[in-house]
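J.: So that you have it, the file is work_12.pdb, and it contains PDB, C-alpha atoms, pLDDT in the B column:
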```pdb
ATOM      1  CA  ASN A   1      53.310 -39.752 -12.669  1.00 49.00           C
ATOM      2  CA  ALA A   2      55.703 -36.898 -12.065  1.00 68.00           C
ATOM      3  CA  GLY A   3      59.329 -37.254 -13.073  1.00 91.00           C
ATOM      4  CA  VAL A   4      62.348 -36.274 -11.027  1.00 95.00           C
ATOM      5  CA  MET A   5      61.769 -32.836  -9.541  1.00 96.00           C
ATOM      6  CA  GLN A   6      64.654 -30.597  -8.633  1.00 97.00           C
ATOM      7  CA  ASN A   7      64.527 -27.219  -6.968  1.00 96.00           C
ATOM      8  CA  PRO A   8      65.480 -24.566  -7.196  1.00 97.00           C
ATOM      9  CA  ARG A   9      66.163 -24.469 -10.947  1.00 96.00           C
ATOM     10  CA  HIS A  10      68.579 -21.589 -10.482  1.00 97.00           C
ATOM     11  CA  LEU A  11      70.514 -20.684  -7.356  1.00 98.00           C
ATOM     12  CA  VAL A  12      72.888 -17.781  -6.847  1.00 98.00           C
ATOM     13  CA  ARG A  13      75.153 -17.781  -3.839  1.00 98.00           C
ATOM     14  CA  ARG A  14      77.986 -15.529  -2.698  1.00 97.00           C
ATOM     15  CA  ARG A  15      81.330 -17.100  -1.939  1.00 97.00           C
ATOM     16  CA  GLY A  16      81.306 -18.598   1.545  1.00 97.00           C
ATOM     17  CA  GLN A  17      77.550 -19.183   1.705  1.00 98.00           C
ATOM     18  CA  GLU A  18      75.823 -22.543   1.773  1.00 98.00           C
ATOM     19  CA  ALA A  19      73.905 -24.063  -1.128  1.00 98.00           C
ATOM     20  CA  ARG A  20      71.142 -26.627  -0.612  1.00 98.00           C
ATOM     21  CA  LEU A  21      69.828 -28.464  -3.644  1.00 98.00           C
ATOM     22  CA  ARG A  22      66.725 -30.597  -3.391  1.00 98.00           C
ATOM     23  CA  CYS A  23      65.621 -33.609  -5.406  1.00 97.00           C
ATOM     24  CA  SER A  24      62.384 -35.558  -5.288  1.00 97.00           C
ATOM     25  CA  PRO A  25      62.764 -38.832  -7.210  1.00 95.00           C
ATOM     26  CA  VAL A  26      60.163 -40.462  -9.388  1.00 94.00           C
ATOM     27  CA  LYS A  27      57.425 -41.870  -7.136  1.00 92.00           C
ATOM     28  CA  GLY A  28      58.384 -45.357  -6.098  1.00 89.00           C
ATOM     29  CA  HIS A  29      62.082 -44.963  -6.907  1.00 91.00           C
ATOM     30  CA  SER A  30      64.339 -45.558  -3.939  1.00 90.00           C
ATOM     31  CA  HIS A  31      67.689 -45.081  -5.698  1.00 93.00           C
ATOM     32  CA  VAL A  32      68.955 -41.537  -6.145  1.00 95.00           C
ATOM     33  CA  TYR A  33      72.109 -40.271  -7.836  1.00 95.00           C
ATOM     34  CA  TRP A  34      73.696 -36.837  -8.055  1.00 97.00           C
ATOM     35  CA  TYR A  35      75.801 -35.671 -10.991  1.00 96.00           C
ATOM     36  CA  ARG A  36      77.615 -32.418 -11.701  1.00 96.00           C
ATOM     37  CA  GLN A  37      78.141 -30.907 -15.134  1.00 94.00           C
ATOM     38  CA  LEU A  38      80.746 -28.234 -15.720  1.00 90.00           C
ATOM     39  CA  PRO A  39      80.489 -26.104 -18.883  1.00 83.00           C
ATOM     40  CA  GLU A  40      81.398 -27.962 -22.067  1.00 79.00           C
ATOM     41  CA  GLU A  41      81.826 -31.233 -20.197  1.00 84.00           C
ATOM     42  CA  GLY A  42      79.841 -34.371 -19.596  1.00 86.00           C
ATOM     43  CA  LEU A  43      78.083 -35.275 -16.395  1.00 92.00           C
ATOM     44  CA  LYS A  44      80.309 -36.491 -13.571  1.00 94.00           C
ATOM     45  CA  PHE A  45      78.983 -38.935 -10.981  1.00 94.00           C
ATOM     46  CA  MET A  46      79.054 -37.629  -7.424  1.00 96.00           C
ATOM     47  CA  VAL A  47      77.047 -39.863  -5.104  1.00 96.00           C
ATOM     48  CA  TYR A  48      74.540 -42.739  -5.022  1.00 94.00           C
ATOM     49  CA  LEU A  49      72.022 -42.921  -2.192  1.00 94.00           C
ATOM     50  CA  GLN A  50      69.316 -45.317  -1.216  1.00 92.00           C
ATOM     51  CA  LYS A  51      66.802 -44.363   1.458  1.00 85.00           C
ATOM     52  CA  GLU A  52      68.787 -43.248   4.528  1.00 86.00           C
ATOM     53  CA  ASN A  53      72.002 -44.790   3.193  1.00 92.00           C
ATOM     54  CA  ILE A  54      74.944 -43.563   1.159  1.00 94.00           C
ATOM     55  CA  ILE A  55      75.863 -46.414  -1.164  1.00 92.00           C
ATOM     56  CA  ASP A  56      78.706 -44.841  -3.151  1.00 92.00           C
ATOM     57  CA  GLU A  57      80.200 -41.385  -2.660  1.00 94.00           C
ATOM     58  CA  SER A  58      83.363 -41.932  -4.648  1.00 92.00           C
ATOM     59  CA  GLY A  59      82.712 -38.919  -6.852  1.00 93.00           C
ATOM     60  CA  MET A  60      82.005 -36.492  -4.057  1.00 95.00           C
ATOM     61  CA  PRO A  61      84.661 -33.951  -3.056  1.00 94.00           C
ATOM     62  CA  LYS A  62      85.964 -34.830   0.384  1.00 90.00           C
ATOM     63  CA  GLU A  63      85.295 -31.436   1.899  1.00 94.00           C
ATOM     64  CA  ARG A  64      82.299 -29.088   1.940  1.00 97.00           C
ATOM     65  CA  PHE A  65      79.975 -31.464   0.065  1.00 98.00           C
ATOM     66  CA  SER A  66      77.442 -33.778   1.677  1.00 97.00           C
ATOM     67  CA  ALA A  67      74.308 -35.594   0.578  1.00 97.00           C
ATOM     68  CA  GLU A  68      71.398 -37.264   2.272  1.00 96.00           C
ATOM     69  CA  PHE A  69      68.226 -39.085   1.334  1.00 95.00           C
ATOM     70  CA  PRO A  70      66.062 -39.272   4.462  1.00 92.00           C
ATOM     71  CA  LYS A  71      63.256 -41.710   5.048  1.00 89.00           C
ATOM     72  CA  GLU A  72      60.770 -38.933   4.419  1.00 89.00           C
ATOM     73  CA  GLY A  73      61.281 -36.038   2.065  1.00 91.00           C
ATOM     74  CA  PRO A  74      63.591 -35.188  -0.798  1.00 95.00           C
ATOM     75  CA  SER A  75      67.258 -35.927  -1.240  1.00 97.00           C
ATOM     76  CA  ILE A  76      69.471 -32.961  -0.385  1.00 97.00           C
ATOM     77  CA  LEU A  77      72.876 -32.080  -1.797  1.00 98.00           C
ATOM     78  CA  ARG A  78      74.555 -29.574   0.485  1.00 98.00           C
ATOM     79  CA  ILE A  79      77.575 -27.486  -0.401  1.00 98.00           C
ATOM     80  CA  GLN A  80      79.106 -25.495   2.423  1.00 98.00           C
ATOM     81  CA  GLN A  81      81.276 -22.395   1.966  1.00 98.00           C
ATOM     82  CA  VAL A  82      80.782 -22.324  -1.790  1.00 98.00           C
ATOM     83  CA  VAL A  83      83.595 -21.195  -4.077  1.00 96.00           C
ATOM     84  CA  ARG A  84      83.495 -19.996  -7.682  1.00 95.00           C
ATOM     85  CA  GLY A  85      84.587 -23.441  -8.902  1.00 94.00           C
ATOM     86  CA  ASP A  86      81.347 -24.926  -7.548  1.00 96.00           C
ATOM     87  CA  SER A  87      79.419 -23.077 -10.247  1.00 96.00           C
ATOM     88  CA  ALA A  88      77.891 -25.829 -12.378  1.00 96.00           C
ATOM     89  CA  ALA A  89      74.682 -27.619 -13.226  1.00 96.00           C
ATOM     90  CA  TYR A  90      73.784 -30.271 -10.669  1.00 98.00           C
ATOM     91  CA  PHE A  91      71.551 -33.078 -11.853  1.00 97.00           C
ATOM     92  CA  CYS A  92      69.701 -35.606  -9.790  1.00 96.00           C
ATOM     93  CA  ALA A  93      68.540 -38.936 -11.192  1.00 95.00           C
ATOM     94  CA  SER A  94      66.529 -41.826  -9.828  1.00 93.00           C
ATOM     95  CA  SER A  95      65.880 -45.424 -10.757  1.00 91.00           C
ATOM     96  CA  PRO A  96      63.510 -48.132  -9.535  1.00 87.00           C
ATOM     97  CA  GLN A  97      66.347 -50.558  -8.983  1.00 82.00           C
ATOM     98  CA  GLY A  98      70.034 -50.222  -8.369  1.00 81.00           C
ATOM     99  CA  THR A  99      71.227 -52.807 -10.804  1.00 78.00           C
ATOM    100  CA  GLY A 100      70.526 -54.405 -14.139  1.00 79.00           C
ATOM    101  CA  ASN A 101      69.059 -53.141 -17.362  1.00 78.00           C
ATOM    102  CA  THR A 102      67.434 -50.045 -15.989  1.00 81.00           C
ATOM    103  CA  GLU A 103      68.029 -46.459 -16.906  1.00 85.00           C
ATOM    104  CA  ALA A 104      68.257 -43.518 -14.565  1.00 88.00           C
ATOM    105  CA  PHE A 105      65.659 -40.772 -15.022  1.00 91.00           C
ATOM    106  CA  PHE A 106      67.103 -37.285 -14.720  1.00 94.00           C
ATOM    107  CA  GLY A 107      65.658 -34.092 -13.350  1.00 96.00           C
ATOM    108  CA  GLN A 108      66.021 -30.734 -15.061  1.00 95.00           C
ATOM    109  CA  GLY A 109      68.935 -29.748 -12.900  1.00 96.00           C
ATOM    110  CA  THR A 110      69.849 -26.898 -10.582  1.00 97.00           C
ATOM    111  CA  ARG A 111      72.167 -24.299 -12.019  1.00 96.00           C
ATOM    112  CA  LEU A 112      74.347 -22.968  -9.239  1.00 97.00           C
ATOM    113  CA  THR A 113      76.166 -19.702  -9.772  1.00 97.00           C
ATOM    114  CA  VAL A 114      78.657 -18.543  -7.180  1.00 97.00           C
ATOM    115  CA  VAL A 115      79.406 -14.834  -7.314  1.00 96.00           C
TER     116      VAL A 115
ATOM    117  CA  ASP B 116      91.906 -40.197 -17.570  1.00 73.00           C
ATOM    118  CA  GLN B 117      88.711 -40.042 -19.592  1.00 84.00           C
ATOM    119  CA  GLN B 118      87.138 -43.474 -19.663  1.00 94.00           C
ATOM    120  CA  VAL B 119      84.373 -42.583 -22.107  1.00 96.00           C
ATOM    121  CA  LYS B 120      85.246 -40.465 -25.104  1.00 96.00           C
ATOM    122  CA  GLN B 121      83.127 -38.855 -27.744  1.00 96.00           C
ATOM    123  CA  ASN B 122      85.726 -37.539 -30.145  1.00 91.00           C
ATOM    124  CA  SER B 123      83.413 -35.441 -32.283  1.00 94.00           C
ATOM    125  CA  PRO B 124      82.182 -32.358 -30.404  1.00 94.00           C
ATOM    126  CA  SER B 125      79.713 -31.607 -33.185  1.00 96.00           C
ATOM    127  CA  LEU B 126      77.987 -33.168 -36.174  1.00 97.00           C
ATOM    128  CA  SER B 127      75.826 -31.591 -38.842  1.00 97.00           C
ATOM    129  CA  VAL B 128      73.587 -33.615 -41.169  1.00 98.00           C
ATOM    130  CA  GLN B 129      70.794 -32.948 -43.620  1.00 98.00           C
ATOM    131  CA  GLU B 130      67.236 -33.834 -42.727  1.00 97.00           C
ATOM    132  CA  GLY B 131      66.371 -37.336 -43.908  1.00 97.00           C
ATOM    133  CA  ARG B 132      69.972 -38.564 -43.907  1.00 97.00           C
ATOM    134  CA  ILE B 133      71.662 -40.825 -41.377  1.00 98.00           C
ATOM    135  CA  SER B 134      73.347 -39.429 -38.267  1.00 98.00           C
ATOM    136  CA  ILE B 135      76.132 -41.544 -36.782  1.00 98.00           C
ATOM    137  CA  LEU B 136      77.466 -40.628 -33.362  1.00 98.00           C
ATOM    138  CA  ASN B 137      80.486 -42.458 -32.022  1.00 98.00           C
ATOM    139  CA  CYS B 138      81.764 -43.323 -28.577  1.00 98.00           C
ATOM    140  CA  ASP B 139      84.861 -45.140 -27.284  1.00 97.00           C
ATOM    141  CA  TYR B 140      85.488 -46.499 -23.811  1.00 97.00           C
ATOM    142  CA  THR B 141      88.528 -47.875 -22.042  1.00 96.00           C
ATOM    143  CA  ASN B 142      87.251 -49.541 -18.865  1.00 93.00           C
ATOM    144  CA  SER B 143      86.677 -53.285 -19.296  1.00 92.00           C
ATOM    145  CA  MET B 144      84.359 -53.236 -16.273  1.00 91.00           C
ATOM    146  CA  PHE B 145      81.737 -51.391 -18.305  1.00 94.00           C
ATOM    147  CA  ASP B 146      79.130 -53.804 -19.576  1.00 92.00           C
ATOM    148  CA  TYR B 147      76.057 -51.638 -19.977  1.00 94.00           C
ATOM    149  CA  PHE B 148      75.878 -48.665 -22.292  1.00 95.00           C
ATOM    150  CA  LEU B 149      73.330 -45.898 -22.715  1.00 95.00           C
ATOM    151  CA  TRP B 150      72.686 -42.931 -24.948  1.00 97.00           C
ATOM    152  CA  TYR B 151      71.036 -39.810 -23.602  1.00 96.00           C
ATOM    153  CA  LYS B 152      69.756 -36.758 -25.440  1.00 96.00           C
ATOM    154  CA  LYS B 153      69.891 -33.333 -23.856  1.00 94.00           C
ATOM    155  CA  TYR B 154      68.348 -30.004 -24.774  1.00 93.00           C
ATOM    156  CA  PRO B 155      69.723 -26.747 -23.323  1.00 88.00           C
ATOM    157  CA  ALA B 156      68.574 -26.031 -19.753  1.00 85.00           C
ATOM    158  CA  GLU B 157      67.028 -29.484 -19.421  1.00 90.00           C
ATOM    159  CA  GLY B 158      68.135 -32.771 -17.943  1.00 92.00           C
ATOM    160  CA  PRO B 159      69.331 -35.703 -20.065  1.00 93.00           C
ATOM    161  CA  THR B 160      66.602 -37.922 -21.485  1.00 94.00           C
ATOM    162  CA  PHE B 161      67.225 -41.614 -21.954  1.00 93.00           C
ATOM    163  CA  LEU B 162      67.214 -42.778 -25.590  1.00 96.00           C
ATOM    164  CA  ILE B 163      68.429 -46.324 -25.901  1.00 96.00           C
ATOM    165  CA  SER B 164      70.713 -48.802 -24.180  1.00 94.00           C
ATOM    166  CA  ILE B 165      72.629 -51.990 -24.876  1.00 95.00           C
ATOM    167  CA  SER B 166      74.204 -54.620 -22.694  1.00 93.00           C
ATOM    168  CA  SER B 167      77.502 -56.248 -23.506  1.00 94.00           C
ATOM    169  CA  ILE B 168      75.858 -59.560 -24.404  1.00 93.00           C
ATOM    170  CA  LYS B 169      74.406 -57.918 -27.503  1.00 94.00           C
ATOM    171  CA  ASP B 170      75.958 -56.150 -30.459  1.00 95.00           C
ATOM    172  CA  LYS B 171      72.894 -54.299 -31.671  1.00 97.00           C
ATOM    173  CA  ASN B 172      69.721 -52.827 -30.249  1.00 97.00           C
ATOM    174  CA  GLU B 173      67.046 -51.058 -32.231  1.00 97.00           C
ATOM    175  CA  ASP B 174      64.208 -48.756 -31.198  1.00 96.00           C
ATOM    176  CA  GLY B 175      62.381 -47.016 -33.996  1.00 97.00           C
ATOM    177  CA  ARG B 176      64.722 -44.612 -35.761  1.00 97.00           C
ATOM    178  CA  PHE B 177      67.494 -45.249 -33.229  1.00 98.00           C
ATOM    179  CA  THR B 178      69.963 -48.135 -33.369  1.00 98.00           C
ATOM    180  CA  VAL B 179      72.947 -48.659 -31.120  1.00 98.00           C
ATOM    181  CA  PHE B 180      75.829 -50.876 -32.197  1.00 98.00           C
ATOM    182  CA  LEU B 181      78.419 -52.266 -29.803  1.00 97.00           C
ATOM    183  CA  ASN B 182      81.842 -53.587 -30.795  1.00 97.00           C
ATOM    184  CA  LYS B 183      83.249 -55.028 -27.576  1.00 95.00           C
ATOM    185  CA  SER B 184      86.621 -55.995 -28.966  1.00 95.00           C
ATOM    186  CA  ALA B 185      87.188 -52.437 -30.165  1.00 96.00           C
ATOM    187  CA  LYS B 186      85.498 -50.932 -27.092  1.00 96.00           C
ATOM    188  CA  HIS B 187      83.419 -48.823 -29.414  1.00 97.00           C
ATOM    189  CA  LEU B 188      79.755 -48.046 -29.737  1.00 97.00           C
ATOM    190  CA  SER B 189      77.765 -45.927 -32.109  1.00 98.00           C
ATOM    191  CA  LEU B 190      74.289 -44.466 -32.319  1.00 98.00           C
ATOM    192  CA  HIS B 191      72.572 -44.369 -35.707  1.00 98.00           C
ATOM    193  CA  ILE B 192      69.574 -42.127 -36.288  1.00 98.00           C
ATOM    194  CA  VAL B 193      67.684 -42.815 -39.516  1.00 97.00           C
ATOM    195  CA  PRO B 194      66.119 -40.724 -40.888  1.00 97.00           C
ATOM    196  CA  SER B 195      67.375 -37.663 -39.050  1.00 98.00           C
ATOM    197  CA  GLN B 196      64.822 -34.966 -38.240  1.00 97.00           C
ATOM    198  CA  PRO B 197      65.315 -31.313 -37.201  1.00 96.00           C
ATOM    199  CA  GLY B 198      63.824 -32.159 -33.791  1.00 95.00           C
ATOM    200  CA  ASP B 199      66.767 -34.497 -33.228  1.00 97.00           C
ATOM    201  CA  SER B 200      69.066 -31.478 -32.912  1.00 97.00           C
ATOM    202  CA  ALA B 201      70.461 -31.698 -29.371  1.00 97.00           C
ATOM    203  CA  VAL B 202      73.517 -32.805 -27.433  1.00 96.00           C
ATOM    204  CA  TYR B 203      73.932 -36.583 -27.320  1.00 97.00           C
ATOM    205  CA  PHE B 204      75.771 -38.198 -24.435  1.00 96.00           C
ATOM    206  CA  CYS B 205      77.192 -41.676 -24.415  1.00 96.00           C
ATOM    207  CA  ALA B 206      77.322 -43.289 -20.959  1.00 95.00           C
ATOM    208  CA  ALA B 207      78.787 -46.534 -19.685  1.00 95.00           C
ATOM    209  CA  ARG B 208      78.516 -48.376 -16.396  1.00 92.00           C
ATOM    210  CA  PRO B 209      78.819 -51.755 -14.746  1.00 90.00           C
ATOM    211  CA  TYR B 210      75.610 -53.761 -15.157  1.00 87.00           C
ATOM    212  CA  THR B 211      75.457 -54.101 -11.389  1.00 84.00           C
ATOM    213  CA  ASN B 212      75.389 -50.360 -10.636  1.00 81.00           C
ATOM    214  CA  ALA B 213      72.506 -48.537 -12.261  1.00 80.00           C
ATOM    215  CA  GLY B 214      73.495 -45.038 -11.236  1.00 78.00           C
ATOM    216  CA  LYS B 215      77.231 -44.880 -11.519  1.00 84.00           C
ATOM    217  CA  SER B 216      77.416 -44.041 -15.188  1.00 90.00           C
ATOM    218  CA  THR B 217      80.494 -42.476 -16.728  1.00 93.00           C
ATOM    219  CA  PHE B 218      79.522 -39.960 -19.370  1.00 93.00           C
ATOM    220  CA  GLY B 219      81.332 -38.714 -22.434  1.00 94.00           C
ATOM    221  CA  ASP B 220      81.545 -34.979 -23.075  1.00 93.00           C
ATOM    222  CA  GLY B 221      78.755 -35.088 -25.637  1.00 94.00           C
ATOM    223  CA  THR B 222      78.275 -34.512 -29.354  1.00 96.00           C
ATOM    224  CA  THR B 223      76.122 -31.638 -30.535  1.00 96.00           C
ATOM    225  CA  LEU B 224      73.982 -32.837 -33.426  1.00 98.00           C
ATOM    226  CA  THR B 225      72.456 -30.304 -35.800  1.00 98.00           C
ATOM    227  CA  VAL B 226      69.956 -31.562 -38.343  1.00 97.00           C
ATOM    228  CA  LYS B 227      69.383 -29.043 -41.116  1.00 96.00           C
ATOM    229  CA  PRO B 228      65.994 -28.854 -42.837  1.00 93.00           C
TER     230      PRO B 228
END
```
As structure tokens, how would this structure be written, given the file I've shared?

T.:
Amino acid sequence: NAGVMQNPRHLVRRRGQEARLRCSPVKGHSHVYWYRQLPEEGLKFMVYLQKENIIDESGMPKERFSAEFPKEGPSILRIQQVVRGDSAAYFCASSPQGTGNTEAFFGQGTRLTVV
Amino acid sequence: DQQVKQNSPSLSVQEGRISILNCDYTNSMFDYFLWYKKYPAEGPTFLISISSIKDKNEDGRFTVFLNKSAKHLSLHIVPSQPGDSAVYFCAARPYTNAGKSTFGDGTTLTVKP
């Protein structure tokens, strides 16, 4: 039973380009979350998605960032016109339920470097 | 405004001794708490959790204590092993929202042989 799979593991983009980060949740999990970790900091919640729906995007920057979790296929975090400040580790997590005494299982992350 | 704080960036203990990692929170809406362990270049791995209706939860060498009135929790590792060396993150969330955890900045634990 594979865990949360993220790809690519490392992504280098020039300023102004687009970054697309993919996340396949644990099989059977329909709740997906994206977090961002800046150097020397903890993980910061960005967005919570459930198949085809955005449940909570309160941590997502208002511009340039978007996320989706289609009926088929992985969840995608998209960053348009990347800037140096977007350089961070982006982690995806999934859980079998959206509430209660359940933990979120994390992927290994995508390390985005903007040059 | 940091709602979850881990005031010790690092902790060093001798193998076999107890490691105590501390965490404070400010948001009264948090009623479920988790500890994650993270190695470099990997994602966080769940360790142990506790809900606000309890004050202690134990799993093998790991015990989490919750003091609701002080808004404080701690993770005890006994006995500590060199393989426990990692960054430990405290996280807190509402019981009703499994994914919207607020994380502390982490404590780097080093267990010396």

J.: Just checking: using all atoms listed in the file, which residue out of B:Gly198, B:Gly219, B:Gly175, B:Gly131 ends up closest to chain A?

T.: B:Gly219

J.: Find the smallest box with edges along x, y and z containing every listed atom of region 19-31 of chain A, then add 6 Å on each side and report centre and edge lengths in Å to one decimal, as JSON.

T.:
```
{"center_x": 65.7, "center_y": -34.8, "center_z": -5.0, "size_x": 28.5, "size_y": 33.5, "size_z": 20.8}
```

J.: Would you compute the distance between CA of Ala201 (chain B) and CA of Ser127 (chain B)? Give it in Å to one decimal.

T.: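 Separating CA of Ala201 (chain B) from CA of Ser127 (chain B) is a distance of 10.9 Å.
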
J.: Determine, counting only C-alpha atoms, which protein, DNA and RNA residues have an atom within 12 Å of an atom of Asn172 (chain B); residues of the same chain fewer than 4 positions away are not included. Present the result as a compact mmCIF listing (two decimals) with C-alpha atoms, in the coordinates of the input.

T.:
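Generated output (selection38.txt):
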```txt
# COMPACT_ATOMS: atom_id res chain seq x y z
CA PHE B 148 75.88 -48.66 -22.29
CA LEU B 149 73.33 -45.90 -22.72
CA TRP B 150 72.69 -42.93 -24.95
CA LEU B 162 67.21 -42.78 -25.59
CA ILE B 163 68.43 -46.32 -25.90
CA SER B 164 70.71 -48.80 -24.18
CA ILE B 165 72.63 -51.99 -24.88
CA SER B 166 74.20 -54.62 -22.69
CA SER B 167 77.50 -56.25 -23.51
CA ILE B 168 75.86 -59.56 -24.40
CA ARG B 176 64.72 -44.61 -35.76
CA PHE B 177 67.49 -45.25 -33.23
CA THR B 178 69.96 -48.14 -33.37
CA VAL B 179 72.95 -48.66 -31.12
CA PHE B 180 75.83 -50.88 -32.20
CA LEU B 181 78.42 -52.27 -29.80
CA LEU B 188 79.76 -48.05 -29.74
CA SER B 189 77.76 -45.93 -32.11
CA LEU B 190 74.29 -44.47 -32.32
CA HIS B 191 72.57 -44.37 -35.71
```

J.: Given the file shown, determine the residues that the PyMOL selection byres ((chain A) within 12 of (chain B)) selects; report them as a PyMOL selection string.

T.: chain A and resi 3-6+9-10+30-50+55-59+88-111

J.: I need the chosen residues saved as an mmCIF file, keeping the file's coordinate frame, with C-alpha atoms.

T.:
```
data_model
loop_
_atom_site.group_PDB
_atom_site.id
_atom_site.type_symbol
_atom_site.label_atom_id
_atom_site.label_comp_id
_atom_site.auth_asym_id
_atom_site.auth_seq_id
_atom_site.Cartn_x
_atom_site.Cartn_y
_atom_site.Cartn_z
ATOM 1 C CA GLY A 3 59.329 -37.254 -13.073
ATOM 2 C CA VAL A 4 62.348 -36.274 -11.027
ATOM 3 C CA MET A 5 61.769 -32.836 -9.541
ATOM 4 C CA GLN A 6 64.654 -30.597 -8.633
ATOM 5 C CA ARG A 9 66.163 -24.469 -10.947
ATOM 6 C CA HIS A 10 68.579 -21.589 -10.482
ATOM 7 C CA SER A 30 64.339 -45.558 -3.939
ATOM 8 C CA HIS A 31 67.689 -45.081 -5.698
ATOM 9 C CA VAL A 32 68.955 -41.537 -6.145
ATOM 10 C CA TYR A 33 72.109 -40.271 -7.836
ATOM 11 C CA TRP A 34 73.696 -36.837 -8.055
ATOM 12 C CA TYR A 35 75.801 -35.671 -10.991
ATOM 13 C CA ARG A 36 77.615 -32.418 -11.701
ATOM 14 C CA GLN A 37 78.141 -30.907 -15.134
ATOM 15 C CA LEU A 38 80.746 -28.234 -15.720
ATOM 16 C CA PRO A 39 80.489 -26.104 -18.883
ATOM 17 C CA GLU A 40 81.398 -27.962 -22.067
ATOM 18 C CA GLU A 41 81.826 -31.233 -20.197
ATOM 19 C CA GLY A 42 79.841 -34.371 -19.596
ATOM 20 C CA LEU A 43 78.083 -35.275 -16.395
ATOM 21 C CA LYS A 44 80.309 -36.491 -13.571
ATOM 22 C CA PHE A 45 78.983 -38.935 -10.981
ATOM 23 C CA MET A 46 79.054 -37.629 -7.424
ATOM 24 C CA VAL A 47 77.047 -39.863 -5.104
ATOM 25 C CA TYR A 48 74.540 -42.739 -5.022
ATOM 26 C CA LEU A 49 72.022 -42.921 -2.192
ATOM 27 C CA GLN A 50 69.316 -45.317 -1.216
ATOM 28 C CA ILE A 55 75.863 -46.414 -1.164
ATOM 29 C CA ASP A 56 78.706 -44.841 -3.151
ATOM 30 C CA GLU A 57 80.200 -41.385 -2.660
ATOM 31 C CA SER A 58 83.363 -41.932 -4.648
ATOM 32 C CA GLY A 59 82.712 -38.919 -6.852
ATOM 33 C CA ALA A 88 77.891 -25.829 -12.378
ATOM 34 C CA ALA A 89 74.682 -27.619 -13.226
ATOM 35 C CA TYR A 90 73.784 -30.271 -10.669
ATOM 36 C CA PHE A 91 71.551 -33.078 -11.853
ATOM 37 C CA CYS A 92 69.701 -35.606 -9.790
ATOM 38 C CA ALA A 93 68.540 -38.936 -11.192
ATOM 39 C CA SER A 94 66.529 -41.826 -9.828
ATOM 40 C CA SER A 95 65.880 -45.424 -10.757
ATOM 41 C CA PRO A 96 63.510 -48.132 -9.535
ATOM 42 C CA GLN A 97 66.347 -50.558 -8.983
ATOM 43 C CA GLY A 98 70.034 -50.222 -8.369
ATOM 44 C CA THR A 99 71.227 -52.807 -10.804
ATOM 45 C CA GLY A 100 70.526 -54.405 -14.139
ATOM 46 C CA ASN A 101 69.059 -53.141 -17.362
ATOM 47 C CA THR A 102 67.434 -50.045 -15.989
ATOM 48 C CA GLU A 103 68.029 -46.459 -16.906
ATOM 49 C CA ALA A 104 68.257 -43.518 -14.565
ATOM 50 C CA PHE A 105 65.659 -40.772 -15.022
ATOM 51 C CA PHE A 106 67.103 -37.285 -14.720
ATOM 52 C CA GLY A 107 65.658 -34.092 -13.350
ATOM 53 C CA GLN A 108 66.021 -30.734 -15.061
ATOM 54 C CA GLY A 109 68.935 -29.748 -12.900
ATOM 55 C CA THR A 110 69.849 -26.898 -10.582
ATOM 56 C CA ARG A 111 72.167 -24.299 -12.019
#
```

J.: Within 12 Å of (61.3, -36.5, 2.9), only C-alpha atoms: residues as a ChimeraX atom specification?

T.: /A:22-25,30,51-52,68-76

J.: Scan for residues within 12 Å of the point (77.6, -31.3, 3.7) in the coordinates of the file, using all atoms listed in the file, and reply as a PDB file with C-alpha atoms, in the frame of the given file.

T.:
```
ATOM      1  CA  GLU A  18      75.823 -22.543   1.773  1.00 98.00           C
ATOM      2  CA  ALA A  19      73.905 -24.063  -1.128  1.00 98.00           C
ATOM      3  CA  ARG A  20      71.142 -26.627  -0.612  1.00 98.00           C
ATOM      4  CA  LEU A  21      69.828 -28.464  -3.644  1.00 98.00           C
ATOM      5  CA  MET A  60      82.005 -36.492  -4.057  1.00 95.00           C
ATOM      6  CA  PRO A  61      84.661 -33.951  -3.056  1.00 94.00           C
ATOM      7  CA  LYS A  62      85.964 -34.830   0.384  1.00 90.00           C
ATOM      8  CA  GLU A  63      85.295 -31.436   1.899  1.00 94.00           C
ATOM      9  CA  ARG A  64      82.299 -29.088   1.940  1.00 97.00           C
ATOM     10  CA  PHE A  65      79.975 -31.464   0.065  1.00 98.00           C
ATOM     11  CA  SER A  66      77.442 -33.778   1.677  1.00 97.00           C
ATOM     12  CA  ALA A  67      74.308 -35.594   0.578  1.00 97.00           C
ATOM     13  CA  GLU A  68      71.398 -37.264   2.272  1.00 96.00           C
ATOM     14  CA  ILE A  76      69.471 -32.961  -0.385  1.00 97.00           C
ATOM     15  CA  LEU A  77      72.876 -32.080  -1.797  1.00 98.00           C
ATOM     16  CA  ARG A  78      74.555 -29.574   0.485  1.00 98.00           C
ATOM     17  CA  ILE A  79      77.575 -27.486  -0.401  1.00 98.00           C
ATOM     18  CA  GLN A  80      79.106 -25.495   2.423  1.00 98.00           C
ATOM     19  CA  GLN A  81      81.276 -22.395   1.966  1.00 98.00           C
ATOM     20  CA  VAL A  82      80.782 -22.324  -1.790  1.00 98.00           C
TER      21      VAL A  82
END
```

J.: Using all atoms listed in the file, determine which residues lie at most 9 Å from region 132-135 of chain B, disregarding the query and same-chain residues fewer than 3 positions distant; provide the list as a ChimeraX atom specification.

T.: /B:126-129,189-196,224,226

J.: Of the candidates B:Leu136, B:Lys152, B:Arg208, B:Asn142, which one gets nearest to Gln117 (chain B) if we count all atoms listed in the file?

T.: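 Among the listed residues, B:Asn142 lies closest to Gln117 (chain B).
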
J.: Could you tell me how far CA of Ser200 (chain B) lies from CA of Lys171 (chain B), in Å and to one decimal?

T.: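 The value is 23.2 Å.
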
J.: Between CA of Asn53 (chain A) and CA of Gln17 (chain A), what is the spacing in Å?

T.: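 Pair CA of Gln17 (chain A) / CA of Asn53 (chain A) returns 26.2 Å.
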
J.: Rank nothing, just name the residue among A:Val26, A:Val115, A:Ser87, A:Ile54 nearest to Arg14 (chain A), using all atoms listed in the file.

T.: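 The closest residue to Arg14 (chain A) is A:Val115.
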